[in-house]
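K.L.:
One file: run.pdb (PDB, C-alpha atoms).
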ATOM      1  CA  MET N1488       3.450  -4.652  17.604  1.00  0.00           C
ATOM      2  CA  ALA N1489       5.452  -1.644  16.435  1.00  0.00           C
ATOM      3  CA  THR N1490       4.045   0.842  13.942  1.00  0.00           C
ATOM      4  CA  VAL N1491       5.750   3.582  11.970  1.00  0.00           C
ATOM      5  CA  GLU N1492       3.391   6.201  10.549  1.00  0.00           C
ATOM      6  CA  LEU N1493       4.251   8.457   7.668  1.00  0.00           C
ATOM      7  CA  ARG N1494       2.157  11.291   6.246  1.00  0.00           C
ATOM      8  CA  PHE N1495       3.179  13.331   3.254  1.00  0.00           C
ATOM      9  CA  SER N1496       1.637  15.933   0.980  1.00  0.00           C
ATOM     10  CA  ALA N1497       0.326  14.542  -2.284  1.00  0.00           C
ATOM     11  CA  GLN N1498       3.420  15.370  -4.308  1.00  0.00           C
ATOM     12  CA  PRO N1499       5.081  12.776  -6.574  1.00  0.00           C
ATOM     13  CA  GLU N1500       8.545  13.612  -5.232  1.00  0.00           C
ATOM     14  CA  HIS N1501       7.572  12.302  -1.772  1.00  0.00           C
ATOM     15  CA  VAL N1502       6.814   8.799  -3.081  1.00  0.00           C
ATOM     16  CA  ARG N1503      10.537   7.982  -3.223  1.00  0.00           C
ATOM     17  CA  THR N1504      10.897   8.839   0.461  1.00  0.00           C
ATOM     18  CA  ALA N1505       7.970   6.552   1.324  1.00  0.00           C
ATOM     19  CA  ARG N1506       9.627   3.732  -0.647  1.00  0.00           C
ATOM     20  CA  LEU N1507      12.928   4.172   1.180  1.00  0.00           C
ATOM     21  CA  VAL N1508      11.262   4.286   4.602  1.00  0.00           C
ATOM     22  CA  ALA N1509       9.177   1.185   3.794  1.00  0.00           C
ATOM     23  CA  ALA N1510      12.250  -0.794   2.718  1.00  0.00           C
ATOM     24  CA  ALA N1511      14.200   0.213   5.829  1.00  0.00           C
ATOM     25  CA  VAL N1512      11.350  -0.674   8.197  1.00  0.00           C
ATOM     26  CA  ALA N1513      10.665  -3.943   6.350  1.00  0.00           C
ATOM     27  CA  ARG N1514      14.332  -4.925   6.637  1.00  0.00           C
ATOM     28  CA  ARG N1515      14.306  -4.170  10.362  1.00  0.00           C
ATOM     29  CA  ALA N1516      11.058  -6.148  10.779  1.00  0.00           C
ATOM     30  CA  GLY N1517      12.685  -9.255   9.299  1.00  0.00           C
ATOM     31  CA  VAL N1518      11.264  -9.346   5.783  1.00  0.00           C
ATOM     32  CA  ASP N1519      13.457 -11.567   3.617  1.00  0.00           C
ATOM     33  CA  GLU N1520      16.126  -9.599   1.740  1.00  0.00           C
ATOM     34  CA  ALA N1521      14.961 -11.099  -1.579  1.00  0.00           C
ATOM     35  CA  VAL N1522      11.468  -9.609  -1.063  1.00  0.00           C
ATOM     36  CA  LEU N1523      12.557  -6.043  -0.247  1.00  0.00           C
ATOM     37  CA  ASP N1524      12.459  -4.959  -3.899  1.00  0.00           C
ATOM     38  CA  GLU N1525       8.846  -6.140  -4.100  1.00  0.00           C
ATOM     39  CA  VAL N1526       8.020  -4.182  -0.946  1.00  0.00           C
ATOM     40  CA  ARG N1527       9.665  -1.090  -2.391  1.00  0.00           C
ATOM     41  CA  LEU N1528       7.858  -1.395  -5.731  1.00  0.00           C
ATOM     42  CA  ALA N1529       4.465  -2.148  -4.161  1.00  0.00           C
ATOM     43  CA  VAL N1530       4.717   0.839  -1.819  1.00  0.00           C
ATOM     44  CA  GLY N1531       5.799   3.049  -4.704  1.00  0.00           C
ATOM     45  CA  GLU N1532       2.779   1.986  -6.777  1.00  0.00           C
ATOM     46  CA  ALA N1533       0.345   2.357  -3.867  1.00  0.00           C
ATOM     47  CA  CYS N1534       1.692   5.792  -2.908  1.00  0.00           C
ATOM     48  CA  SER N1535       1.745   6.974  -6.532  1.00  0.00           C
ATOM     49  CA  ARG N1536      -1.876   5.875  -6.861  1.00  0.00           C
ATOM     50  CA  ALA N1537      -2.863   7.745  -3.683  1.00  0.00           C
ATOM     51  CA  VAL N1538      -0.987  10.869  -4.822  1.00  0.00           C
ATOM     52  CA  GLY N1539      -2.738  10.711  -8.194  1.00  0.00           C
ATOM     53  CA  LEU N1540      -6.160  10.306  -6.573  1.00  0.00           C
ATOM     54  CA  HIS N1541      -5.528  13.274  -4.258  1.00  0.00           C
ATOM     55  CA  ARG N1542      -4.290  15.507  -7.060  1.00  0.00           C
ATOM     56  CA  THR N1543      -7.086  14.540  -9.463  1.00  0.00           C
ATOM     57  CA  ASN N1544      -9.744  15.176  -6.812  1.00  0.00           C
ATOM     58  CA  ASN N1545      -8.112  18.340  -5.365  1.00  0.00           C
ATOM     59  CA  ILE N1546      -7.708  16.798  -1.910  1.00  0.00           C
ATOM     60  CA  ALA N1547      -5.329  18.776   0.309  1.00  0.00           C
ATOM     61  CA  ALA N1548      -5.069  16.101   3.033  1.00  0.00           C
ATOM     62  CA  PRO N1549      -1.830  14.125   3.255  1.00  0.00           C
ATOM     63  CA  VAL N1550      -1.363  10.577   2.022  1.00  0.00           C
ATOM     64  CA  ARG N1551      -1.106   8.174   4.975  1.00  0.00           C
ATOM     65  CA  VAL N1552       1.285   5.235   5.236  1.00  0.00           C
ATOM     66  CA  ALA N1553       1.323   2.905   8.262  1.00  0.00           C
ATOM     67  CA  LEU N1554       4.070   0.284   8.487  1.00  0.00           C
ATOM     68  CA  THR N1555       3.338  -2.329  11.133  1.00  0.00           C
ATOM     69  CA  GLU N1556       5.638  -5.043  12.442  1.00  0.00           C
ATOM     70  CA  GLU N1557       3.782  -7.952  13.985  1.00  0.00           C
ATOM     71  CA  GLU N1558       5.063 -11.233  15.371  1.00  0.00           C
ATOM     72  CA  LYS N1559       4.984 -13.144  12.093  1.00  0.00           C
ATOM     73  CA  SER N1560       4.223 -10.532   9.467  1.00  0.00           C
ATOM     74  CA  PHE N1561       4.962  -7.040   8.265  1.00  0.00           C
ATOM     75  CA  SER N1562       2.104  -4.980   6.863  1.00  0.00           C
ATOM     76  CA  ILE N1563       1.757  -1.668   5.101  1.00  0.00           C
ATOM     77  CA  GLU N1564      -1.397   0.375   4.705  1.00  0.00           C
ATOM     78  CA  VAL N1565      -1.443   3.240   2.220  1.00  0.00           C
ATOM     79  CA  GLY N1566      -4.508   5.423   2.676  1.00  0.00           C
ATOM     80  CA  ASP N1567      -6.078   8.215   0.708  1.00  0.00           C
ATOM     81  CA  GLU N1568      -8.863  10.649   1.563  1.00  0.00           C
ATOM     82  CA  VAL N1569     -10.826  10.302  -1.681  1.00  0.00           C
ATOM     83  CA  PRO N1570     -14.379   9.205  -0.823  1.00  0.00           C
ATOM     84  CA  VAL N1571     -15.847   6.238  -2.646  1.00  0.00           C
ATOM     85  CA  PRO N1572     -19.614   6.407  -3.109  1.00  0.00           C
ATOM     86  CA  ASP N1573     -21.551   3.344  -1.954  1.00  0.00           C
ATOM     87  CA  SER N1574     -22.599   2.610  -5.544  1.00  0.00           C
ATOM     88  CA  SER N1575     -19.005   1.921  -6.583  1.00  0.00           C
ATOM     89  CA  ALA N1576     -17.970   0.097  -3.412  1.00  0.00           C
ATOM     90  CA  ALA N1577     -18.039  -3.202  -5.304  1.00  0.00           C
ATOM     91  CA  GLY N1578     -15.507  -1.875  -7.823  1.00  0.00           C
ATOM     92  CA  ALA N1579     -11.752  -1.762  -7.846  1.00  0.00           C
ATOM     93  CA  ARG N1580     -11.394   0.185  -4.594  1.00  0.00           C
ATOM     94  CA  SER N1581     -13.030  -2.790  -2.803  1.00  0.00           C
ATOM     95  CA  ALA N1582     -11.442  -5.606  -4.740  1.00  0.00           C
ATOM     96  CA  SER N1583     -10.853  -7.512  -1.493  1.00  0.00           C
ATOM     97  CA  GLU N1584     -14.454  -8.703  -1.560  1.00  0.00           C
ATOM     98  CA  ALA N1585     -13.574 -10.785  -4.602  1.00  0.00           C
ATOM     99  CA  GLY N1586     -10.655 -12.400  -2.756  1.00  0.00           C
ATOM    100  CA  PRO N1587      -6.984 -11.657  -2.126  1.00  0.00           C
ATOM    101  CA  GLY N1588      -5.218 -10.142  -5.100  1.00  0.00           C
ATOM    102  CA  ALA N1589      -8.417  -9.637  -7.102  1.00  0.00           C
ATOM    103  CA  VAL N1590      -8.460  -6.509  -9.225  1.00  0.00           C
ATOM    104  CA  ASP N1591     -11.301  -5.152 -11.364  1.00  0.00           C
ATOM    105  CA  LEU N1592      -9.510  -3.812 -14.440  1.00  0.00           C
ATOM    106  CA  ASP N1593     -12.688  -2.473 -16.043  1.00  0.00           C
ATOM    107  CA  ALA N1594     -13.553   0.147 -13.409  1.00  0.00           C
ATOM    108  CA  ASP N1595     -11.039   3.007 -13.662  1.00  0.00           C
ATOM    109  CA  GLY N1596      -8.467   2.022 -16.291  1.00  0.00           C
ATOM    110  CA  GLU N1597      -5.139   3.594 -15.372  1.00  0.00           C
ATOM    111  CA  ASP N1598      -5.927   3.574 -11.642  1.00  0.00           C
ATOM    112  CA  ASP N1599      -6.430  -0.163 -11.837  1.00  0.00           C
ATOM    113  CA  MET N1600      -3.200  -0.760 -13.735  1.00  0.00           C
ATOM    114  CA  GLY N1601      -1.403   0.280 -10.556  1.00  0.00           C
ATOM    115  CA  LEU N1602      -3.552  -2.159  -8.594  1.00  0.00           C
ATOM    116  CA  ALA N1603      -2.718  -4.901 -11.096  1.00  0.00           C
ATOM    117  CA  VAL N1604       1.010  -4.247 -10.622  1.00  0.00           C
ATOM    118  CA  ILE N1605       0.624  -4.296  -6.836  1.00  0.00           C
ATOM    119  CA  SER N1606      -1.367  -7.547  -6.949  1.00  0.00           C
ATOM    120  CA  GLY N1607       1.531  -9.124  -8.845  1.00  0.00           C
ATOM    121  CA  LEU N1608       3.979  -8.076  -6.134  1.00  0.00           C
ATOM    122  CA  VAL N1609       1.967  -8.860  -2.987  1.00  0.00           C
ATOM    123  CA  ASP N1610       0.409 -12.192  -2.042  1.00  0.00           C
ATOM    124  CA  ASP N1611      -1.751 -10.727   0.738  1.00  0.00           C
ATOM    125  CA  LEU N1612      -3.482  -7.653  -0.683  1.00  0.00           C
ATOM    126  CA  ARG N1613      -6.730  -5.974   0.333  1.00  0.00           C
ATOM    127  CA  VAL N1614      -8.166  -2.842  -1.244  1.00  0.00           C
ATOM    128  CA  THR N1615     -10.940  -1.038   0.589  1.00  0.00           C
ATOM    129  CA  GLY N1616     -12.891   2.134   0.046  1.00  0.00           C
ATOM    130  CA  GLY N1617     -15.715   4.081   1.562  1.00  0.00           C
ATOM    131  CA  PRO N1618     -16.997   7.572   2.292  1.00  0.00           C
ATOM    132  CA  GLY N1619     -13.861   8.375   4.338  1.00  0.00           C
ATOM    133  CA  GLY N1620     -11.419   7.347   1.631  1.00  0.00           C
ATOM    134  CA  GLY N1621      -9.624   4.241   0.464  1.00  0.00           C
ATOM    135  CA  ALA N1622      -6.766   2.055   1.607  1.00  0.00           C
ATOM    136  CA  ILE N1623      -4.433  -0.514   0.163  1.00  0.00           C
ATOM    137  CA  LEU N1624      -3.365  -3.084   2.750  1.00  0.00           C
ATOM    138  CA  MET N1625      -0.375  -5.287   1.967  1.00  0.00           C
ATOM    139  CA  SER N1626       1.488  -7.798   4.114  1.00  0.00           C
ATOM    140  CA  TRP N1627       4.512 -10.056   3.906  1.00  0.00           C
ATOM    141  CA  PRO N1628       5.799 -12.795   6.213  1.00  0.00           C
ATOM    142  CA  THR N1629       8.841 -12.063   8.350  1.00  0.00           C
ATOM    143  CA  SER N1630      11.754 -14.384   9.054  1.00  0.00           C
ATOM    144  CA  SER N1631      10.179 -15.254  12.419  1.00  0.00           C
ATOM    145  CA  ALA N1632       7.186 -16.670  10.494  1.00  0.00           C
ATOM    146  CA  VAL N1633       9.378 -19.194   8.674  1.00  0.00           C
ATOM    147  CA  VAL N1634       9.430 -22.571  10.386  1.00  0.00           C
ATOM    148  CA  MET N1635      12.804 -24.292  10.279  1.00  0.00           C
ATOM    149  CA  PRO N1636      12.717 -28.053   9.531  1.00  0.00           C
TER     150      PRO N1636
END
Now that the file is in, can you turn its structure into structure tokens?

P.N.:
Amino acid sequence: MATVELRFSAQPEHVRTARLVAAAVARRAGVDEAVLDEVRLAVGEACSRAVGLHRTNNIAAPVRVALTEEEKSFSIEVGDEVPVPDSSAAGARSASEAGPGAVDLDADGEDDMGLAVISGLVDDLRVTGGPGGGAILMSWPTSSAVVMP
């Protein structure tokens, strides 16, 4: 399992770099060429969301992106440092409890529009949150996961 880690200051101009790195690593990991645009868009949305959360909450910590190549899948985790109180843990930042791709559009409005876009691009999506911050976990199959007939 190989992992590429990227950390960047919460500035919108760094989101493009994260998108380019994600696409390059996904290509190398064996993600189908037809899916690379979805990877790029999903990472852009997730990173933009994290940047917005950091800027809105005056968090100086960097946005974290981990790109992991496994035997049959490629996953990306975009993390932020914005704490989620226990009372809202059942909301949009923990949509994974409602099942893959579930998004609560009533919780934070604009924040959740980004999650809705991501859920349309990624089949395997988990959104988590807690006192230490939140994370969006996305994964795609690689060409080694495809069984030839």

K.L.:
Just so the selection is clear, what residues does the PyMOL selection byres ((chain N and resi 1528) around 10) cover here, as a list in words?

P.N.:
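Taken over the shown coordinates, the PyMOL selection byres ((chain N and resi 1528) around 10) returns Arg1506, Ala1509, Ala1510, Leu1523, Asp1524, Glu1525, Val1526, Arg1527, Ala1529, Val1530, Gly1531, Glu1532, Ala1533, Cys1534, Val1604, Ile1605, Leu1608 and Val1609 of chain N.
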
K.L.:
Scan for residues within 9 Å of the point (1.1, -1.1, 8.0) in the coordinates of the file, using all atoms listed in the file, and reply as a list in words.

P.N.:
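Counting all atoms listed in the file, I find these residues within 9 Å of (1.1, -1.1, 8.0): Thr1490, Val1491, Glu1492, Val1552, Ala1553, Leu1554, Thr1555, Glu1556, Phe1561, Ser1562, Ile1563, Glu1564, Val1565, Leu1624, Met1625 and Ser1626 of chain N.
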
K.L.:
List as a ChimeraX atom specification the protein and nucleic acid residues near stretch 1538-1549 of chain N, meaning an atom at most 6 Å away when all atoms listed in the file are counted, but skip any in the same chain fewer than 4 places from it.

P.N.:
/N:1494-1497

K.L.:
Using atom CA of N:Ala1513 and atom CA of N:Ala1489 as the two end points, give the distance in Å to one decimal.

P.N.:
11.6 Å

K.L.:
Run the PyMOL selection byres ((chain N and resi 1568) around 8) mentally over the shown coordinates, then write out the matched residues as a count of residues only, using the chain letters and numbers from the document.

P.N.:
11

K.L.:
Please provide as an MDAnalysis selection string all residues within 8 Å of stretch 1515-1519 of chain N, with the sequence filter that same-chain residues fewer than 5 positions apart are discarded (counting all atoms listed in the file).

P.N.:
chainID N and resid 1556 1561 1627:1631

K.L.:
Enter the distance from atom CA of N:Ala1603 to atom CA of N:Arg1536, in Å, rounded to one decimal.

P.N.:
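Atom CA of N:Arg1536 lies at a distance of 11.6 Å from atom CA of N:Ala1603.
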
K.L.:
The centre and edge lengths of an axis-aligned box containing all atoms of stretch 1506-1513 of chain N present in the file, extended by 8 Å on each side, are to be given in Å to one decimal, as lines of an AutoDock Vina configuration file.

P.N.:
center_x = 11.7
center_y = 0.2
center_z = 3.8
size_x = 21.0
size_y = 24.2
size_z = 24.8

K.L.:
Between N:Val1522, N:Ala1505, N:Ala1511, N:Val1614, single out the one closest to N:Val1571, counting all atoms listed in the file.

P.N.:
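That would be N:Val1614, the residue with the smallest distance to N:Val1571.
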
K.L.:
Kindly indicate which residue among N:Met1600, N:Met1488, N:Leu1612, N:Leu1493 lies nearest to N:Glu1557, using all atoms listed in the file for the distances.

P.N.:
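Among the listed residues, N:Met1488 lies closest to N:Glu1557.
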
K.L.:
Rounded to one decimal in Å, what is the spacing between atom CA of N:Asp1610 and atom CA of N:His1501?

P.N.:
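Rounded to one decimal, the two atoms are 25.5 Å apart.
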